[in-house]
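A.B. asks: Input file: data-v2.tsv. Contents: TSV, C-alpha atoms.
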```
chain	number	residue	atom	x	y	z
A	1	MET	CA	24.98	-28.08	9.55
A	2	LYS	CA	27.69	-25.74	10.82
A	3	ASP	CA	27.51	-24.43	14.39
A	4	GLY	CA	26.12	-20.94	14.82
A	5	GLN	CA	24.34	-21.07	11.51
A	6	HIS	CA	22.48	-17.89	10.61
A	7	VAL	CA	19.72	-17.95	8.03
A	8	ILE	CA	18.08	-14.89	6.49
A	9	ILE	CA	14.93	-15.43	4.44
A	10	ILE	CA	13.62	-12.58	2.25
A	11	ASP	CA	10.34	-13.29	0.46
A	12	ASP	CA	7.19	-11.18	0.21
A	13	ASP	CA	5.16	-14.41	0.52
A	14	LYS	CA	4.84	-14.94	4.28
A	15	PHE	CA	3.69	-18.54	3.80
A	16	ASN	CA	6.90	-19.42	1.99
A	17	ASN	CA	8.77	-17.87	4.92
A	18	LEU	CA	6.70	-20.03	7.29
A	19	VAL	CA	7.50	-23.23	5.37
A	20	CYS	CA	11.24	-22.41	5.11
A	21	THR	CA	11.44	-21.43	8.79
A	22	LYS	CA	9.69	-24.60	10.00
A	23	TYR	CA	11.83	-26.92	7.88
A	24	ILE	CA	15.04	-25.15	8.98
A	25	GLU	CA	13.93	-25.49	12.63
A	26	MET	CA	13.23	-29.20	12.14
A	27	VAL	CA	16.42	-29.98	10.21
A	28	SER	CA	18.67	-27.93	12.53
A	29	GLY	CA	16.98	-29.11	15.71
A	30	LYS	CA	16.12	-25.44	16.40
A	31	GLN	CA	19.86	-24.63	16.49
A	32	ALA	CA	19.84	-22.20	13.58
A	33	ASP	CA	19.29	-18.48	14.08
A	34	ILE	CA	16.52	-17.60	11.57
A	35	HIS	CA	15.37	-14.14	10.49
A	36	ALA	CA	12.55	-13.96	7.95
A	37	PHE	CA	11.49	-10.74	6.17
A	38	THR	CA	8.53	-10.06	3.89
A	39	ASP	CA	9.87	-6.54	3.25
A	40	PRO	CA	13.08	-6.75	1.14
A	41	GLU	CA	14.27	-3.32	2.34
A	42	GLN	CA	14.07	-4.45	5.97
A	43	GLY	CA	15.90	-7.63	4.99
A	44	LEU	CA	18.64	-5.62	3.30
A	45	GLN	CA	18.92	-3.41	6.39
A	46	HIS	CA	19.38	-6.53	8.53
A	47	ILE	CA	22.10	-7.79	6.15
A	48	ARG	CA	23.88	-4.41	6.38
A	49	GLU	CA	23.73	-4.47	10.19
A	50	LEU	CA	24.98	-8.05	10.26
A	51	GLY	CA	27.74	-7.03	7.84
A	52	THR	CA	29.27	-4.62	10.36
A	53	HIS	CA	29.21	-7.31	13.05
A	54	PRO	CA	32.43	-9.32	13.53
A	55	MET	CA	30.32	-12.48	13.98
A	56	CYS	CA	28.68	-12.20	10.60
A	57	ALA	CA	30.36	-15.33	9.24
A	58	ASN	CA	28.37	-18.33	8.17
A	59	THR	CA	25.06	-16.90	7.00
A	60	ILE	CA	22.75	-18.48	4.46
A	61	LEU	CA	20.53	-16.09	2.50
A	62	LEU	CA	17.35	-17.42	0.91
A	63	LEU	CA	16.15	-14.76	-1.50
A	64	ASP	CA	12.98	-14.52	-3.57
A	65	LEU	CA	13.13	-12.69	-6.94
A	66	ASN	CA	9.68	-11.38	-7.76
A	67	MET	CA	8.85	-8.86	-5.00
A	68	PRO	CA	7.21	-5.44	-5.04
A	69	VAL	CA	9.26	-2.32	-4.15
A	70	MET	CA	12.58	-4.16	-4.49
A	71	SER	CA	13.21	-7.31	-6.54
A	72	GLY	CA	15.70	-9.97	-5.51
A	73	TRP	CA	17.99	-8.79	-8.32
A	74	GLU	CA	17.89	-5.21	-7.04
A	75	LEU	CA	18.63	-6.44	-3.53
A	76	LEU	CA	21.66	-8.38	-4.82
A	77	GLU	CA	22.94	-5.21	-6.52
A	78	GLU	CA	22.81	-3.44	-3.15
A	79	PHE	CA	24.40	-6.47	-1.50
A	80	GLU	CA	27.38	-6.19	-3.88
A	81	LYS	CA	28.14	-2.74	-2.41
A	82	LEU	CA	29.01	-4.30	0.98
A	83	ASP	CA	32.60	-5.00	2.08
A	84	ASP	CA	34.19	-8.15	0.64
A	85	HIS	CA	34.71	-9.85	4.02
A	86	CYS	CA	31.02	-9.40	4.74
A	87	LYS	CA	29.84	-10.62	1.33
A	88	ASP	CA	32.06	-13.70	1.61
A	89	ALA	CA	30.34	-14.64	4.88
A	90	PHE	CA	27.08	-15.15	2.96
A	91	THR	CA	25.97	-18.10	0.91
A	92	CYS	CA	23.13	-16.86	-1.30
A	93	PHE	CA	20.36	-18.98	-2.72
A	94	ILE	CA	17.57	-17.84	-4.99
A	95	VAL	CA	14.22	-19.34	-3.97
A	96	THR	CA	11.66	-18.58	-6.65
A	97	SER	CA	8.48	-19.91	-8.19
A	98	SER	CA	9.56	-18.43	-11.54
A	99	LEU	CA	9.91	-20.82	-14.46
A	100	ASP	CA	11.24	-17.97	-16.59
A	101	PRO	CA	14.49	-19.13	-18.31
A	102	VAL	CA	15.72	-15.50	-18.25
A	103	ASP	CA	15.79	-15.63	-14.42
A	104	HIS	CA	17.48	-19.04	-14.43
A	105	ARG	CA	20.23	-17.93	-16.85
A	106	ARG	CA	20.80	-14.75	-14.87
A	107	ALA	CA	21.17	-16.74	-11.64
A	108	ALA	CA	23.61	-19.20	-13.26
A	109	LYS	CA	25.78	-16.30	-14.48
A	110	ASN	CA	26.01	-14.62	-11.05
A	111	PRO	CA	29.01	-16.02	-9.12
A	112	ARG	CA	27.49	-14.74	-5.85
A	113	ILE	CA	24.55	-17.19	-6.18
A	114	ALA	CA	25.29	-20.67	-4.84
A	115	GLY	CA	22.09	-22.17	-6.21
A	116	LEU	CA	18.59	-21.62	-7.49
A	117	ILE	CA	15.66	-23.42	-5.90
A	118	VAL	CA	12.35	-23.57	-7.71
A	119	LYS	CA	9.43	-23.67	-5.28
A	120	PRO	CA	7.78	-25.69	-3.81
A	121	VAL	CA	10.30	-25.86	-0.97
A	122	ASP	CA	10.56	-29.23	0.74
A	123	ARG	CA	12.53	-30.78	3.56
A	124	THR	CA	15.07	-32.40	1.20
A	125	VAL	CA	16.02	-29.04	-0.33
A	126	ILE	CA	16.45	-27.39	3.07
A	127	THR	CA	18.51	-30.34	4.36
A	128	ARG	CA	20.87	-30.12	1.39
A	129	ILE	CA	21.30	-26.38	1.79
A	130	LEU	CA	22.06	-26.64	5.52
A	131	ASP	CA	24.37	-29.65	5.11
A	132	ASN	CA	26.49	-28.54	2.20
A	133	GLY	CA	25.85	-24.87	1.67
A	134	VAL	CA	25.55	-25.79	-1.98
A	135	TYR	CA	22.58	-26.79	-4.04
A	136	THR	CA	22.80	-27.66	-7.66
A	137	LEU	CA	19.85	-28.29	-9.92
B	1	MET	CA	1.22	19.38	-66.75
B	2	ILE	CA	-1.06	22.23	-67.86
B	3	LYS	CA	0.01	24.77	-70.49
B	4	HIS	CA	-1.67	28.13	-71.08
B	5	THR	CA	-1.36	30.71	-73.85
B	6	VAL	CA	-0.18	34.23	-73.03
B	7	GLN	CA	-3.85	35.26	-72.62
B	8	SER	CA	-4.31	32.40	-70.15
B	9	LEU	CA	-6.40	30.39	-72.53
B	10	LEU	CA	-6.09	26.70	-72.05
B	11	LEU	CA	-3.80	25.35	-74.74
B	12	ARG	CA	-2.95	21.82	-73.74
B	13	ILE	CA	-3.26	19.38	-70.86
B	14	SER	CA	-0.89	16.45	-70.64
B	15	GLY	CA	-0.43	13.92	-67.87
B	16	MET	CA	-1.12	10.44	-66.64
B	17	MET	CA	-3.79	9.12	-64.32
B	18	ARG	CA	-3.72	5.83	-62.57
B	19	GLN	CA	-6.24	4.19	-60.29
B	20	VAL	CA	-4.42	3.55	-56.94
B	21	THR	CA	-7.43	3.11	-54.67
B	22	GLY	CA	-6.86	-0.63	-54.39
B	23	ARG	CA	-3.22	-0.20	-53.46
B	24	LYS	CA	-3.99	2.47	-50.87
B	25	ILE	CA	-6.68	0.30	-49.27
B	26	ALA	CA	-4.25	-2.64	-49.16
B	27	GLU	CA	-1.60	-0.46	-47.55
B	28	ARG	CA	-4.02	0.74	-44.91
B	29	GLU	CA	-5.17	-2.79	-44.19
B	30	ARG	CA	-1.56	-3.95	-43.86
B	31	THR	CA	-0.73	-1.18	-41.40
B	32	GLN	CA	-3.81	-2.00	-39.35
B	33	ALA	CA	-2.91	-5.71	-39.36
B	34	GLN	CA	0.64	-4.91	-38.19
B	35	GLN	CA	-0.67	-2.72	-35.38
B	36	SER	CA	-3.15	-5.32	-34.17
B	37	LEU	CA	-0.42	-8.01	-34.31
B	38	ALA	CA	1.86	-5.83	-32.16
B	39	VAL	CA	-0.93	-5.40	-29.60
B	40	ARG	CA	-1.66	-9.12	-29.65
B	41	ASN	CA	2.01	-9.97	-29.21
B	42	ALA	CA	2.25	-7.66	-26.19
B	43	ASP	CA	-0.84	-9.34	-24.68
B	44	LEU	CA	0.61	-12.81	-25.26
B	45	GLU	CA	3.89	-11.78	-23.62
B	46	ARG	CA	1.89	-10.49	-20.67
B	47	ILE	CA	0.03	-13.82	-20.43
B	48	ALA	CA	3.34	-15.73	-20.52
B	49	PHE	CA	4.64	-13.50	-17.70
B	50	VAL	CA	1.47	-14.00	-15.64
B	51	VAL	CA	1.65	-17.79	-16.08
B	52	SER	CA	5.36	-17.89	-15.22
B	53	HIS	CA	5.12	-15.64	-12.15
B	54	GLU	CA	1.68	-14.78	-10.82
B	55	LEU	CA	-0.11	-18.04	-11.62
B	56	ARG	CA	2.80	-20.25	-10.65
B	57	ALA	CA	3.54	-18.47	-7.34
B	58	PRO	CA	0.36	-19.41	-5.40
B	59	VAL	CA	0.44	-22.95	-6.84
B	60	ALA	CA	4.03	-23.43	-5.63
B	61	THR	CA	3.13	-22.05	-2.19
B	62	ILE	CA	0.11	-24.39	-1.96
B	63	LEU	CA	2.41	-27.34	-2.71
B	64	SER	CA	4.95	-26.14	-0.12
B	65	LEU	CA	2.21	-25.74	2.52
B	66	VAL	CA	0.68	-29.16	1.81
B	67	GLY	CA	4.14	-30.73	2.07
B	68	LEU	CA	4.70	-29.13	5.48
B	69	MET	CA	1.22	-30.14	6.68
B	70	ASN	CA	1.95	-33.75	5.74
B	71	ASP	CA	5.30	-33.82	7.55
B	72	PRO	CA	4.95	-36.01	10.67
B	73	GLU	CA	7.10	-33.56	12.69
B	74	THR	CA	4.76	-30.63	12.05
B	75	ASP	CA	2.78	-29.56	15.13
B	76	GLU	CA	-0.93	-28.67	15.19
B	77	ILE	CA	-0.38	-24.90	15.51
B	78	THR	CA	1.77	-24.92	12.36
B	79	ARG	CA	-0.83	-27.06	10.56
B	80	ALA	CA	-3.48	-24.44	11.38
B	81	GLU	CA	-1.18	-21.70	9.98
B	82	CYS	CA	-0.71	-23.79	6.85
B	83	MET	CA	-4.48	-24.15	6.46
B	84	ALA	CA	-4.90	-20.35	6.64
B	85	GLY	CA	-2.17	-20.11	4.00
B	86	LEU	CA	-3.99	-22.53	1.71
B	87	VAL	CA	-7.14	-20.37	1.85
B	88	ALA	CA	-5.13	-17.21	1.09
B	89	CYS	CA	-3.30	-18.86	-1.83
B	90	ALA	CA	-6.50	-20.27	-3.32
B	91	THR	CA	-8.07	-16.80	-3.17
B	92	THR	CA	-5.03	-15.24	-4.90
B	93	LEU	CA	-5.14	-17.98	-7.53
B	94	ASP	CA	-8.82	-17.31	-8.17
B	95	GLU	CA	-8.14	-13.58	-8.70
B	96	THR	CA	-5.22	-14.31	-11.05
B	97	VAL	CA	-7.34	-16.68	-13.15
B	98	ALA	CA	-10.00	-13.97	-13.42
B	99	ASP	CA	-7.34	-11.45	-14.60
B	100	LEU	CA	-5.97	-13.94	-17.10
B	101	ASN	CA	-9.48	-14.57	-18.39
B	102	GLY	CA	-9.83	-10.85	-19.10
B	103	LEU	CA	-6.50	-10.79	-20.96
B	104	ALA	CA	-7.36	-13.87	-23.01
B	105	ALA	CA	-10.63	-12.23	-24.06
B	106	THR	CA	-8.84	-9.15	-25.44
B	107	THR	CA	-6.34	-11.20	-27.45
B	108	SER	CA	-9.00	-13.17	-29.28
B	109	ASN	CA	-11.46	-11.84	-31.84
B	110	GLU	CA	-14.14	-13.96	-30.28
B	111	PRO	CA	-14.73	-13.42	-26.58
B	112	THR	CA	-13.15	-16.20	-24.56
B	113	ASP	CA	-14.82	-17.28	-21.36
B	114	LEU	CA	-12.47	-19.59	-19.48
B	115	THR	CA	-15.00	-20.09	-16.71
B	116	LYS	CA	-17.26	-21.89	-19.20
B	117	GLY	CA	-14.65	-24.63	-19.56
B	118	LEU	CA	-13.94	-24.71	-15.84
B	119	ASN	CA	-17.58	-25.00	-14.82
B	120	GLN	CA	-18.34	-27.93	-17.08
```
For this file, write the structure as structure tokens.

C.D. replies:
Amino acid sequence: MKDGQHVIIIDDDKFNNLVCTKYIEMVSGKQADIHAFTDPEQGLQHIRELGTHPMCANTILLLDLNMPVMSGWELLEEFEKLDDHCKDAFTCFIVTSSLDPVDHRRAAKNPRIAGLIVKPVDRTVITRILDNGVYTL
Amino acid sequence: MIKHTVQSLLLRISGMMRQVTGRKIAERERTQAQQSLAVRNADLERIAFVVSHELRAPVATILSLVGLMNDPETDEITRAECMAGLVACATTLDETVADLNGLAATTSNEPTDLTKGLNQ
């Protein structure tokens, strides 16, 4: 894991956020700075605030797709409106329980998405994400 | 075609008649069948969506929670949180199955009771 690793988790399922947070704490030895949001709009706001910060480099985003009010896809559309230097600081992963091939194809086509993780989330998945910043199916 | 004399007396009637009742009934039946197929297709698509998203979501979370509970590094407070999560997910799952049961019943001509199979 890189030093000063930030992780933002956006998922309306608070138990998924709990599992991701705990595994990230374990794998990083509580060194990672974790922010979990069940409200995607609050999560997006946090990303925007972080985007204006000069220290915004090195952030992993774990994003759910199927959420009320704002889907993960809608959030990514808003994310694309940020400045390039800010966007490049993020490594985005989709974390979904969806088996829908439409979602999987859409994720594969989006160059902003570093990987798609199908739940359940386990320690191995989190370790690979934190170690490499890449996760391939 | 009906022809009259100048005094409006009936002179001649010519024309053709054909019995089309059978064809009209068949047409109506076909339209009805197409409509009911469209409704059924929409219901099946809805079921596929529910299975892919709403049914799968709590199952995946249950598996994630159980995995974390079984991790030797997990502390007791986290285990208790996981247990509360398991109860919440099982409740959501139960509600989704009930919804799905209702959908399945509308797509079949005969009422389907999924709980019958589950309770056996």

A.B. asks: Distance limit 8 Å, atoms considered: only C-alpha atoms. Which chain A residues sit that close to chain B? Return them as a ChimeraX atom specification.

C.D. replies: /A:15-16,19,23,26,66,97-100,119-122

A.B. asks: If you measure from atom CA of Asp12 of chain A to atom CA of Ala36 of chain A, what distance in Å do you get, rounded to one decimal?

C.D. replies: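 Here the two named atoms are 9.8 Å from each other.
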
A.B. asks: Taking only C-alpha atoms into account, name the residue in A:Arg128, A:His46, A:Phe37, A:Ile10 that is nearest to Ser71 of chain A.

C.D. replies: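 Closest to Ser71 of chain A of all the choices is A:Ile10.
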
A.B. asks: Using Å and a single decimal, report how far atom CA of Arg40 of chain B sits from atom CA of Leu103 of chain B.

C.D. replies: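 Going from atom CA of Leu103 of chain B over to atom CA of Arg40 of chain B covers 10.1 Å.
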
A.B. asks: In file coordinates, which residues lie within 10 Å of (22.2, -24.3, 5.0) using all atoms listed in the file, given as a ChimeraX atom specification?

C.D. replies: /A:1-2,5-7,24,27-28,32,58-62,91-93,125-135

A.B. asks: Just checking: using only C-alpha atoms, which residue out of A:Pro111, A:Ile8, A:Ile34, A:Pro40 ends up closest to Leu65 of chain A?

C.D. replies: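 Smallest separation from Leu65 of chain A among the options: A:Pro40.
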
A.B. asks: So which residues touch Arg12 of chain B within 9 Å, counting all atoms listed in the file, skipping near sequence neighbours fewer than 2 positions away, as a list in words?

C.D. replies: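 Counting only the stated atoms, we get Met1, Ile2, Lys3, His4, Leu10 and Ser14 of chain B.
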
A.B. asks: What is the atom CA of Leu76 of chain A-atom CA of His53 of chain A distance in Å, reported with one decimal?

C.D. replies: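 Rounded to one decimal, the two atoms are 19.4 Å apart.
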
A.B. asks: Draw an axis-aligned box tight on the listed atoms of segment 97-114 of chain A, then pad every side by 6 Å and write out centre and edge lengths in Å to one decimal as lines of an AutoDock Vina configuration file.

C.D. replies:
```
center_x = 18.7
center_y = -17.7
center_z = -11.6
size_x = 32.5
size_y = 18.2
size_z = 25.5
```

A.B. asks: Tell me, as a ChimeraX atom specification, which residues lie within 9 Å of segment 78-89 of chain A, counting all atoms listed in the file; anything in the same chain fewer than 4 positions away does not count.

C.D. replies: /A:44,47-48,50-54,56-60,73-74,112

A.B. asks: Could you check which of A:Ala114, A:Arg105, A:Arg123, A:Leu75 is closest to Cys20 of chain A, using only C-alpha atoms?

C.D. replies: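 Under the stated criterion, the closest residue is A:Arg123.
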